[in-house]
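Below is model.tsv, which holds TSV, C-alpha atoms.
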chain	number	residue	atom	x	y	z
A	12	MET	CA	-18.13	-35.30	-60.68
A	13	THR	CA	-15.56	-36.56	-58.22
A	14	ARG	CA	-13.13	-33.90	-59.38
A	15	SER	CA	-15.88	-31.26	-58.88
A	16	ILE	CA	-16.60	-32.46	-55.36
A	17	LEU	CA	-12.90	-32.46	-54.55
A	18	LYS	CA	-12.50	-28.97	-55.95
A	19	GLN	CA	-15.52	-27.75	-53.98
A	20	SER	CA	-14.19	-29.35	-50.81
A	21	PHE	CA	-10.79	-27.76	-51.34
A	22	VAL	CA	-12.32	-24.31	-51.82
A	23	THR	CA	-14.55	-24.75	-48.78
A	24	ALA	CA	-11.60	-25.88	-46.68
A	25	ALA	CA	-9.51	-22.94	-47.88
A	26	ILE	CA	-12.26	-20.47	-47.02
A	27	ALA	CA	-12.79	-22.10	-43.61
A	28	THR	CA	-9.06	-21.97	-42.90
A	29	ALA	CA	-8.90	-18.34	-43.94
A	30	LEU	CA	-11.86	-17.54	-41.68
A	31	VAL	CA	-10.24	-19.31	-38.73
A	32	TRP	CA	-6.99	-17.39	-39.28
A	33	PHE	CA	-8.86	-14.11	-39.69
A	34	THR	CA	-10.94	-14.67	-36.54
A	35	ALA	CA	-7.92	-15.75	-34.52
A	36	GLY	CA	-5.93	-12.78	-35.73
A	37	THR	CA	-8.73	-10.36	-34.95
A	38	THR	CA	-9.15	-11.82	-31.47
A	39	ARG	CA	-5.40	-11.64	-30.89
A	40	LEU	CA	-5.28	-8.03	-32.01
A	41	ALA	CA	-8.28	-7.18	-29.84
A	42	ALA	CA	-6.66	-8.78	-26.83
A	43	GLN	CA	-3.41	-6.95	-27.48
A	44	SER	CA	-5.13	-3.61	-27.81
A	45	GLY	CA	-7.37	-4.26	-24.83
A	46	THR	CA	-10.53	-3.72	-26.84
A	47	SER	CA	-11.92	-7.03	-25.63
A	48	ALA	CA	-12.17	-5.68	-22.05
A	49	ALA	CA	-15.46	-4.24	-20.90
A	50	LYS	CA	-15.72	-0.53	-21.48
A	51	ALA	CA	-15.47	1.91	-18.62
A	52	PRO	CA	-18.91	2.80	-17.25
A	53	ARG	CA	-20.12	6.35	-17.71
A	54	THR	CA	-22.28	8.67	-15.68
A	55	ALA	CA	-25.51	10.16	-17.00
A	56	ASP	CA	-23.62	13.24	-18.19
A	57	GLY	CA	-21.33	11.08	-20.31
A	58	HIS	CA	-18.13	11.31	-18.28
A	59	PRO	CA	-16.27	8.17	-17.19
A	60	ASP	CA	-17.42	6.93	-13.80
A	61	PHE	CA	-14.46	6.30	-11.47
A	62	SER	CA	-16.58	4.91	-8.64
A	63	GLY	CA	-15.28	1.77	-7.00
A	64	VAL	CA	-12.74	0.33	-4.62
A	65	TRP	CA	-9.31	0.38	-6.25
A	66	TRP	CA	-6.10	-1.43	-5.37
A	67	ARG	CA	-3.19	-3.26	-6.94
A	68	GLY	CA	-4.81	-6.67	-6.63
A	69	ALA	CA	-3.74	-7.43	-3.06
A	70	ASP	CA	-2.91	-5.96	0.28
A	71	VAL	CA	0.75	-5.39	1.04
A	72	GLY	CA	1.99	-8.83	2.07
A	73	GLY	CA	-1.42	-10.32	1.42
A	74	ARG	CA	-2.68	-12.87	-1.02
A	75	THR	CA	-4.39	-12.59	-4.35
A	76	ALA	CA	-6.82	-15.02	-5.92
A	77	SER	CA	-3.89	-16.65	-7.73
A	78	GLY	CA	-1.70	-16.67	-4.67
A	79	ALA	CA	0.93	-14.39	-6.18
A	80	ASN	CA	1.43	-11.00	-4.59
A	81	PRO	CA	2.02	-8.10	-6.96
A	82	ILE	CA	3.25	-6.01	-4.05
A	83	ALA	CA	6.14	-8.28	-3.20
A	84	PRO	CA	9.02	-6.56	-1.41
A	85	ALA	CA	11.42	-7.23	-4.25
A	86	ALA	CA	9.12	-5.37	-6.59
A	87	GLY	CA	9.41	-2.24	-4.52
A	88	ARG	CA	5.86	-2.39	-3.20
A	89	GLY	CA	4.10	-2.11	-6.48
A	90	GLY	CA	6.73	-2.51	-9.10
A	91	THR	CA	8.12	1.00	-8.84
A	92	PRO	CA	10.79	2.00	-6.38
A	93	ALA	CA	9.98	4.54	-3.71
A	94	PRO	CA	11.29	8.00	-4.44
A	95	THR	CA	14.46	9.38	-2.92
A	96	PHE	CA	13.27	12.80	-1.87
A	97	PRO	CA	16.57	14.28	-0.70
A	98	SER	CA	17.84	13.92	-4.25
A	99	LEU	CA	15.07	16.31	-5.27
A	100	TYR	CA	15.63	18.81	-2.48
A	101	THR	CA	17.25	22.21	-2.81
A	102	PRO	CA	20.59	22.45	-0.95
A	103	ALA	CA	18.90	24.15	2.01
A	104	ALA	CA	16.17	21.53	2.17
A	105	ALA	CA	18.71	18.73	1.82
A	106	ALA	CA	20.58	20.16	4.82
A	107	LYS	CA	17.34	20.15	6.81
A	108	ALA	CA	16.64	16.57	5.71
A	109	LYS	CA	19.89	15.43	7.29
A	110	THR	CA	18.58	16.55	10.68
A	111	LEU	CA	15.50	14.36	10.37
A	112	SER	CA	15.00	10.61	10.58
A	113	ASP	CA	12.31	7.97	10.38
A	114	LYS	CA	11.34	8.78	13.96
A	115	ASP	CA	10.25	12.24	12.84
A	116	ASP	CA	7.73	10.86	10.35
A	117	PRO	CA	4.39	12.56	11.17
A	118	ALA	CA	2.61	9.43	9.94
A	119	LEU	CA	3.77	7.67	13.11
A	120	GLY	CA	1.38	9.97	14.94
A	121	CYS	CA	-1.53	9.22	12.62
A	122	THR	CA	-1.01	12.29	10.43
A	123	ASN	CA	-2.09	11.73	6.85
A	124	THR	CA	0.51	12.12	4.15
A	125	ALA	CA	0.36	15.00	1.68
A	126	PHE	CA	0.58	12.52	-1.18
A	127	GLY	CA	0.89	8.89	-0.16
A	128	THR	CA	2.87	5.70	-0.20
A	129	LEU	CA	2.81	3.19	-3.04
A	130	ASN	CA	2.91	6.25	-5.33
A	131	VAL	CA	-0.88	6.55	-5.20
A	132	SER	CA	-2.46	9.48	-3.36
A	133	LEU	CA	-5.80	7.67	-3.27
A	134	PHE	CA	-4.21	5.15	-0.90
A	135	ASP	CA	-2.57	7.66	1.45
A	136	VAL	CA	-0.56	5.24	3.65
A	137	GLY	CA	-2.64	2.17	2.81
A	138	ALA	CA	-2.98	-0.08	-0.21
A	139	VAL	CA	-6.62	0.48	-1.10
A	140	GLY	CA	-8.94	3.43	-1.64
A	141	GLN	CA	-12.55	4.06	-2.59
A	142	ILE	CA	-13.96	6.58	-5.04
A	143	VAL	CA	-17.56	7.75	-5.00
A	144	GLN	CA	-18.52	9.92	-7.96
A	145	THR	CA	-21.50	12.24	-8.17
A	146	PRO	CA	-22.29	14.68	-11.00
A	147	LYS	CA	-20.48	17.47	-9.15
A	148	PHE	CA	-17.92	15.72	-6.99
A	149	LEU	CA	-15.38	12.94	-6.86
A	150	ILE	CA	-15.06	11.78	-3.27
A	151	MET	CA	-11.89	9.92	-2.41
A	152	LEU	CA	-11.87	7.81	0.76
A	153	THR	CA	-8.76	6.32	2.28
A	154	GLU	CA	-8.66	3.35	4.59
A	155	THR	CA	-5.57	2.96	6.72
A	156	TYR	CA	-5.67	6.52	7.98
A	157	ASN	CA	-9.29	7.56	7.65
A	158	SER	CA	-9.50	10.59	5.42
A	159	PHE	CA	-11.57	12.00	2.61
A	160	GLN	CA	-11.15	14.45	-0.20
A	161	ILE	CA	-14.15	16.05	-1.87
A	162	ILE	CA	-13.03	17.15	-5.30
A	163	PRO	CA	-15.38	19.26	-7.42
A	164	ILE	CA	-15.28	18.01	-11.01
A	165	ASP	CA	-17.35	20.73	-12.63
A	166	GLY	CA	-14.42	22.98	-13.43
A	167	ARG	CA	-14.78	25.43	-10.56
A	168	PRO	CA	-11.64	27.09	-9.19
A	169	HIS	CA	-10.05	26.55	-5.78
A	170	ARG	CA	-11.91	28.13	-2.90
A	171	ASP	CA	-10.56	31.22	-1.22
A	172	ALA	CA	-10.13	31.59	2.50
A	173	ILE	CA	-10.20	27.99	3.57
A	174	PRO	CA	-7.56	26.74	5.98
A	175	PRO	CA	-4.74	24.57	4.67
A	176	SER	CA	-5.02	20.83	5.16
A	177	ASN	CA	-2.69	17.85	5.24
A	178	ARG	CA	-4.09	16.46	2.00
A	179	GLY	CA	-4.63	19.81	0.27
A	180	ASP	CA	-7.58	21.32	-1.54
A	181	GLY	CA	-8.38	19.58	-4.81
A	182	VAL	CA	-10.40	20.69	-7.84
A	183	GLY	CA	-10.92	18.77	-11.05
A	184	HIS	CA	-11.72	19.39	-14.68
A	185	TRP	CA	-12.16	17.12	-17.66
A	186	GLU	CA	-9.78	16.86	-20.58
A	187	GLY	CA	-11.71	14.43	-22.75
A	188	ASP	CA	-12.06	11.27	-20.68
A	189	THR	CA	-9.19	12.24	-18.39
A	190	LEU	CA	-9.97	13.88	-15.07
A	191	VAL	CA	-7.25	16.37	-14.13
A	192	VAL	CA	-7.10	17.11	-10.40
A	193	ASP	CA	-5.19	20.11	-9.10
A	194	LYS	CA	-4.28	20.22	-5.38
A	195	THR	CA	-2.98	23.21	-3.46
A	196	ASN	CA	-3.31	24.75	0.00
A	197	PHE	CA	-1.35	22.15	1.95
A	198	THR	CA	-0.11	22.46	5.51
A	199	ASP	CA	3.64	22.18	5.94
A	200	THR	CA	3.34	19.71	8.79
A	201	SER	CA	2.69	16.47	6.93
A	202	TRP	CA	5.24	14.60	4.83
A	203	ILE	CA	4.79	13.74	1.15
A	204	TYR	CA	5.43	10.06	1.78
A	205	ALA	CA	5.55	7.92	4.94
A	206	GLU	CA	7.40	4.75	5.95
A	207	GLY	CA	10.12	6.75	7.60
A	208	ARG	CA	11.21	8.35	4.35
A	209	VAL	CA	12.20	11.90	5.08
A	210	SER	CA	9.91	13.77	2.70
A	211	PHE	CA	8.84	17.05	4.25
A	212	HIS	CA	7.37	19.73	2.04
A	213	SER	CA	6.29	23.34	2.32
A	214	ASP	CA	2.94	25.08	2.10
A	215	ALA	CA	3.76	25.79	-1.56
A	216	MET	CA	3.36	22.16	-2.53
A	217	HIS	CA	1.29	21.67	-5.66
A	218	VAL	CA	0.05	18.37	-7.07
A	219	VAL	CA	-1.46	17.64	-10.46
A	220	GLU	CA	-2.99	14.22	-11.00
A	221	ARG	CA	-4.51	12.72	-14.14
A	222	TYR	CA	-7.05	9.91	-13.75
A	223	ARG	CA	-8.14	7.72	-16.64
A	224	ARG	CA	-10.41	4.68	-16.43
A	225	VAL	CA	-9.13	2.82	-19.45
A	226	ASP	CA	-11.67	0.03	-19.11
A	227	ALA	CA	-14.15	-1.31	-16.59
A	228	ASN	CA	-11.45	-2.90	-14.48
A	229	THR	CA	-8.50	-0.55	-14.89
A	230	LEU	CA	-7.66	2.89	-13.52
A	231	GLU	CA	-4.50	4.68	-14.59
A	232	ILE	CA	-3.10	7.57	-12.59
A	233	GLU	CA	-0.29	9.95	-13.41
A	234	ALA	CA	0.89	12.62	-11.01
A	235	THR	CA	3.43	15.39	-10.62
A	236	VAL	CA	4.42	16.91	-7.28
A	237	GLU	CA	6.16	20.26	-7.20
A	238	ASP	CA	7.20	22.50	-4.36
A	239	PRO	CA	9.29	25.51	-5.37
A	240	LYS	CA	10.28	26.20	-1.77
A	241	VAL	CA	11.99	22.86	-1.13
A	242	LEU	CA	12.15	20.81	-4.33
A	243	SER	CA	14.66	21.76	-6.99
A	244	LYS	CA	12.63	19.90	-9.59
A	245	PRO	CA	9.21	18.21	-9.64
A	246	TRP	CA	8.74	14.65	-8.55
A	247	VAL	CA	7.18	12.96	-11.56
A	248	VAL	CA	5.37	9.99	-10.12
A	249	PRO	CA	5.56	6.88	-12.32
A	250	LYS	CA	2.24	6.01	-13.93
A	251	GLN	CA	0.23	3.74	-11.64
A	252	THR	CA	-2.26	1.12	-12.77
A	253	LEU	CA	-4.94	-0.03	-10.35
A	254	VAL	CA	-7.68	-2.63	-10.66
A	255	LEU	CA	-11.10	-2.93	-9.10
A	256	ALA	CA	-11.03	-4.79	-5.79
A	257	PRO	CA	-13.32	-7.81	-5.32
A	258	PHE	CA	-15.14	-5.96	-2.52
A	259	ASP	CA	-17.13	-2.76	-2.73
A	260	GLN	CA	-16.46	-1.16	0.64
A	261	ILE	CA	-13.28	-0.24	2.47
A	262	MET	CA	-12.97	-0.65	6.23
A	263	GLU	CA	-12.96	1.94	8.94
A	264	LEU	CA	-10.28	1.20	11.49
A	265	ALA	CA	-8.92	3.89	13.73
A	266	CYS	CA	-5.32	5.01	13.68
A	267	SER	CA	-4.08	5.15	17.20
A	268	ASN	CA	-1.34	7.18	18.82
A	269	GLU	CA	-1.14	4.54	21.55
A	270	THR	CA	0.99	2.35	19.30
A	271	GLN	CA	3.38	5.17	18.45
A	272	SER	CA	5.40	4.69	21.61
A	273	LEU	CA	5.60	0.96	20.91
A	274	VAL	CA	7.09	1.61	17.49
A	275	GLU	CA	9.44	4.29	18.71
A	276	GLY	CA	10.55	2.15	21.61
A	277	ALA	CA	11.58	-0.69	19.34
A	278	SER	CA	14.15	1.39	17.57
A	279	LYS	CA	17.43	1.71	19.41
A	280	GLN	CA	18.51	4.87	17.71
A	281	SER	CA	17.28	7.22	15.06
A	282	SER	CA	18.20	5.94	11.67
A	283	GLY	CA	17.30	8.17	8.80
A	284	LYS	CA	15.95	6.39	5.77
A	285	ASN	CA	16.27	8.79	2.93
B	3	MET	CA	34.74	-9.36	6.65
B	4	LYS	CA	33.59	-12.34	4.59
B	5	ARG	CA	31.66	-13.62	7.60
B	6	THR	CA	29.94	-10.26	8.03
B	7	VAL	CA	28.94	-10.15	4.37
B	8	PHE	CA	27.65	-13.71	4.62
B	9	ALA	CA	25.63	-12.88	7.74
B	10	VAL	CA	24.09	-9.85	6.06
B	11	LEU	CA	23.21	-11.91	3.00
B	12	VAL	CA	21.62	-14.63	5.11
B	13	ALA	CA	19.62	-12.06	7.08
B	14	GLY	CA	18.43	-10.49	3.84
B	15	LEU	CA	17.43	-13.85	2.39
B	16	VAL	CA	15.55	-14.77	5.56
B	17	ALA	CA	13.64	-11.49	5.44
B	18	LEU	CA	12.74	-12.04	1.79
B	19	CYS	CA	11.76	-15.68	2.27
B	20	ILE	CA	9.28	-14.95	5.03
B	21	GLY	CA	7.66	-12.25	2.96
B	22	VAL	CA	8.08	-9.40	5.39
B	23	PRO	CA	7.39	-6.09	3.70
B	24	ALA	CA	10.68	-4.34	3.09
B	25	SER	CA	8.94	-1.19	4.13
B	26	ALA	CA	5.56	-0.38	5.53
B	27	HIS	CA	3.93	2.55	7.26
B	28	HIS	CA	7.10	2.99	9.17
B	29	SER	CA	10.48	1.47	8.59
B	30	PHE	CA	10.51	-2.08	9.96
B	31	ALA	CA	14.19	-2.32	9.18
B	32	ALA	CA	14.92	0.64	11.44
B	33	ALA	CA	12.99	-0.82	14.35
B	34	TYR	CA	13.73	-4.55	14.20
B	35	ASP	CA	16.86	-6.61	13.91
B	36	MET	CA	16.13	-9.20	11.22
B	37	SER	CA	19.19	-11.19	12.27
B	38	ASN	CA	17.87	-11.60	15.81
B	39	ALA	CA	15.08	-14.19	15.59
B	40	ILE	CA	13.21	-14.87	18.82
B	41	THR	CA	10.50	-17.26	20.01
B	42	VAL	CA	8.28	-16.27	22.92
B	43	HIS	CA	5.55	-18.34	24.58
B	44	GLY	CA	2.86	-16.71	26.68
B	45	VAL	CA	-0.74	-15.68	27.15
B	46	ILE	CA	-2.47	-12.94	25.19
B	47	ASN	CA	-2.96	-9.88	27.36
B	48	GLN	CA	-4.24	-7.52	24.67
B	49	VAL	CA	-4.80	-7.42	20.92
B	50	LEU	CA	-4.60	-3.93	19.49
B	51	LEU	CA	-6.19	-3.88	16.05
B	52	ARG	CA	-5.02	-0.40	15.22
B	53	ASN	CA	-3.74	1.47	12.26
B	54	PRO	CA	-1.17	1.66	10.93
B	55	HIS	CA	-0.24	-1.71	12.43
B	56	SER	CA	-1.72	-4.19	14.87
B	57	TRP	CA	-0.01	-5.27	18.08
B	58	PHE	CA	-0.20	-8.45	20.11
B	59	VAL	CA	0.69	-7.93	23.78
B	60	ILE	CA	1.46	-11.13	25.67
B	61	ASP	CA	2.33	-12.04	29.25
B	62	VAL	CA	5.35	-14.32	29.46
B	63	LYS	CA	6.15	-16.24	32.64
B	64	ASP	CA	9.76	-17.15	33.35
B	65	ALA	CA	11.01	-20.16	35.33
B	66	SER	CA	10.65	-18.33	38.63
B	67	GLY	CA	7.06	-17.41	37.87
B	68	LYS	CA	7.81	-13.76	37.20
B	69	VAL	CA	5.60	-12.33	34.44
B	70	GLU	CA	7.07	-10.07	31.77
B	71	GLN	CA	5.08	-8.35	29.07
B	72	TRP	CA	6.12	-8.55	25.41
B	73	SER	CA	4.64	-6.60	22.49
B	74	PHE	CA	4.76	-7.78	18.88
B	75	GLU	CA	3.92	-5.70	15.85
B	76	ALA	CA	1.86	-7.33	13.07
B	77	GLY	CA	0.14	-6.13	9.91
B	78	THR	CA	-2.44	-3.52	9.01
B	79	PRO	CA	-5.78	-4.65	10.52
B	80	SER	CA	-7.78	-4.34	7.30
B	81	GLY	CA	-5.14	-6.31	5.40
B	82	MET	CA	-5.10	-8.98	8.10
B	83	ILE	CA	-8.89	-9.32	8.00
B	84	ARG	CA	-9.01	-9.46	4.20
B	85	ASN	CA	-6.43	-12.25	4.35
B	86	GLY	CA	-8.49	-14.41	6.68
B	87	TYR	CA	-7.75	-13.15	10.20
B	88	LYS	CA	-10.86	-13.09	12.39
B	89	PRO	CA	-10.75	-10.52	15.20
B	90	THR	CA	-12.73	-12.81	17.47
B	91	VAL	CA	-10.40	-15.80	17.24
B	92	ILE	CA	-7.29	-14.74	19.15
B	93	LYS	CA	-8.53	-13.23	22.38
B	94	GLN	CA	-7.27	-12.25	25.79
B	95	GLY	CA	-6.21	-15.30	27.77
B	96	ALA	CA	-5.31	-17.40	24.73
B	97	GLU	CA	-2.03	-19.30	24.93
B	98	VAL	CA	0.22	-18.52	21.99
B	99	THR	CA	3.75	-18.96	20.72
B	100	ILE	CA	5.15	-16.09	18.70
B	101	LYS	CA	8.18	-16.24	16.45
B	102	GLY	CA	9.58	-12.96	15.29
B	103	PHE	CA	12.48	-10.58	15.26
B	104	ARG	CA	13.58	-8.62	18.28
B	105	ALA	CA	13.54	-4.85	18.50
B	106	ARG	CA	16.86	-3.20	17.84
B	107	ASP	CA	16.64	-1.78	21.34
B	108	ALA	CA	17.16	-5.07	23.16
B	109	SER	CA	16.24	-3.47	26.47
B	110	GLN	CA	12.66	-3.44	25.23
B	111	ASN	CA	10.53	-6.58	25.19
B	112	ARG	CA	9.33	-5.86	21.70
B	113	GLY	CA	9.44	-7.56	18.36
B	114	MET	CA	8.04	-7.88	14.90
B	115	LEU	CA	5.63	-10.79	14.53
B	116	ARG	CA	6.56	-13.34	11.91
B	117	GLU	CA	4.41	-16.24	13.03
B	118	LEU	CA	1.86	-16.77	15.79
B	119	THR	CA	0.74	-20.28	16.74
B	120	THR	CA	-2.30	-20.87	18.93
B	121	ALA	CA	-2.63	-23.76	21.41
B	122	ASP	CA	-4.54	-25.84	18.86
B	123	GLY	CA	-1.72	-25.53	16.34
B	124	GLN	CA	-3.29	-22.92	14.09
B	125	VAL	CA	-0.54	-20.82	12.52
B	126	TYR	CA	-0.95	-17.14	11.66
B	127	GLY	CA	1.47	-14.96	9.77
B	128	MET	CA	1.81	-11.23	9.89
B	129	PHE	CA	-1.25	-10.87	7.70
B	130	GLY	CA	-3.47	-13.77	8.72
B	131	PRO	CA	-3.84	-17.55	8.72
B	132	GLN	CA	-1.05	-19.44	7.00
B	133	GLU	CA	-3.05	-22.39	5.76
B	134	GLY	CA	-5.47	-22.55	2.87
B	135	PRO	CA	-5.43	-21.07	-0.63
B	136	GLY	CA	-3.03	-18.35	-1.40
B	137	LYS	CA	-0.54	-19.30	1.28
Here is a file; write its structure as structure tokens.
Amino acid sequence: MTRSILKQSFVTAAIATALVWFTAGTTRLAAQSGTSAAKAPRTADGHPDFSGVWWRGADVGGRTASGANPIAPAAGRGGTPAPTFPSLYTPAAAAKAKTLSDKDDPALGCTNTAFGTLNVSLFDVGAVGQIVQTPKFLIMLTETYNSFQIIPIDGRPHRDAIPPSNRGDGVGHWEGDTLVVDKTNFTDTSWIYAEGRVSFHSDAMHVVERYRRVDANTLEIEATVEDPKVLSKPWVVPKQTLVLAPFDQIMELACSNETQSLVEGASKQSSGKN
Amino acid sequence: MKRTVFAVLVAGLVALCIGVPASAHHSFAAAYDMSNAITVHGVINQVLLRNPHSWFVIDVKDASGKVEQWSFEAGTPSGMIRNGYKPTVIKQGAEVTIKGFRARDASQNRGMLRELTTADGQVYGMFGPQEGPGK
């Protein structure tokens, strides 16, 4: 009897242990694969819904809930170093770049960039952006320099006979759950980047971006910038991972030319930052 | 030579320690001399909450009573507000002490704001109040 009880207890304990190990292992695997995160929401037509305010988890120089700042200077403002555009330029464009400096940056005069800083076009020159998605359009709103892009996502082609713009004309189509956005028709007066980085481009600039909401809280973006008139090879932007911000509305604050002279006046001499 | 290298290293460490963005919407490094720290005491003349960066303009009185105007560049307004700065707190007429770095063009009374202290001792950094969680 005693032996039977002991045997039964041993078997029960073994099964319980195996269950604990199995459950722990399954949980660990789920966490590693990200399957434990909430799924990305979808629109009524079944596509992923990208709506929300997206950022890296903090403002540049600002705090996060944990106090750590993922956009620390040492991390290159987001973990990836800023591009060195002159290394991508054709010889003729590189020669032109040497005649320009940070003081020539159109962003100093409140001109939007053609792509953006922090390697995220949604941010333009800021560190946060908002997406509003409708069945036909993805509307991208930037904060630091107010701007918007209305991107059709129903597969239509680029429009004919519209004037070029600083941020280009974007159209989107779906490849599974990935939204592919194609941008053309840029002016040649903005720069690709800002922050004094000489990064002019031509009206032949072409951008392809791939957006994927991998789960409820995570947006991944890949992008390639090409410009056959000035770039000898495309700028392949490192993949960027954004998270939902803890607020659901960006701010509207004007960019003002009145501070341009203050900035320019502080600098003793032009110093190119390529 | 060694002294120069040491000075550059110290300047770099100071910049990193105070958390100044290495780059922002324009190049701070091109405009401000991080080895030239300054402290200015005066009265707020104007607060410009503008993109890409905010500016604090202050009137500074010297020993003879002559008033000079200084301008200090701070952070992006939205970032400042999200980090606890309240636009209504620091207003025209408020007495403040600003620590920062002088413009490379020393003929200009301009600088980059590192720290602003109000008369009641409240300390603000480039992006908002310095006390509280997440400092």
Atomic separation - atom CA of Arg84 of chain B relative to atom CA of Thr99 of chain B, Å =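 For atom CA of Thr99 of chain B relative to atom CA of Arg84 of chain B, the distance reads 22.9 Å.
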Measuring between all atoms listed in the file, which one of A:Lys50, A:Lys114, A:Lys240, A:His169 shows the shortest distance to chain B?
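Closest to chain B, using all atoms listed in the file: A:Lys114.
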Can you pull out the residues contacting segment 94-106 of chain A? Cut-off 8 Å, using all atoms listed in the file, and skip same-chain residues under 3 positions away; I want them as a compact mmCIF listing (two decimals) with C-alpha atoms, keeping the file's coordinate frame.
# COMPACT_ATOMS: atom_id res chain seq x y z
CA LYS A 109 19.89 15.43 7.29
CA THR A 110 18.58 16.55 10.68
CA ARG A 208 11.21 8.35 4.35
CA VAL A 209 12.20 11.90 5.08
CA SER A 210 9.91 13.77 2.70
CA VAL A 241 11.99 22.86 -1.13
CA LEU A 242 12.15 20.81 -4.33
CA SER A 243 14.66 21.76 -6.99
CA LYS A 244 12.63 19.90 -9.59
CA PRO A 245 9.21 18.21 -9.64
CA TRP A 246 8.74 14.65 -8.55
CA ASN A 285 16.27 8.79 2.93
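The two atoms in question, atom CA of Val218 of chain A and atom CA of Val192 of chain A, are spaced 8.0 Å apart.
The protein and nucleic acid residues lying at most 12 Å from Val98 of chain B are B:Thr41, B:Val42, B:His43, B:Gly44, B:Val45, B:Ile46, B:Asn47, B:Phe58, B:Val59, B:Ile60, B:Asp61, B:Val62, B:Val91, B:Ile92, B:Lys93, B:Gln94, B:Glu117, B:Leu118, B:Thr119, B:Thr120, B:Ala121, B:Asp122, B:Gly123, B:Gln124, B:Val125, B:Tyr126, with only C-alpha atoms considered and sequence neighbours fewer than 4 positions away removed.
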* Asked: Quick one, how far is atom CA of Gln160 of chain A from atom CA of Leu255 of chain A?
  ->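 Between these atoms lies a distance of 19.5 Å.
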Surrounding residues of Asp116 of chain A excluding itself and chain neighbours under 4 positions, 9 Å, all atoms listed in the file, as a PyMOL selection string: (chain A and resi 111-112+120+122+201-202+204-211) or (chain B and resi 28)
Notebook entry, point to check: Using only C-alpha atoms, which of A:Arg170, A:Met216, A:Gly127, A:Val71 sits nearest Phe129 of chain B?
Noted result: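 When distances to Phe129 of chain B are compared using only C-alpha atoms, the smallest one comes from A:Val71.
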Between A:Ala227, A:Ala265, A:Leu190, A:Ile162, which residue has the minimum interatomic distance to chain B, considering all atoms listed in the file?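 The shortest atom-to-atom distance to chain B comes from A:Ala265.
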In terms of all atoms listed in the file, the residue from A:Ile203, A:Val64, A:Ile161, A:Ile173 at minimal distance from Asn123 of chain A is A:Ile203
- Task: Would you mind listing what lies within 10 Å of Asn268 of chain A as a count of residues only, with all atoms listed in the file counted and same-chain residues fewer than 4 positions away left out?
- Result: 10
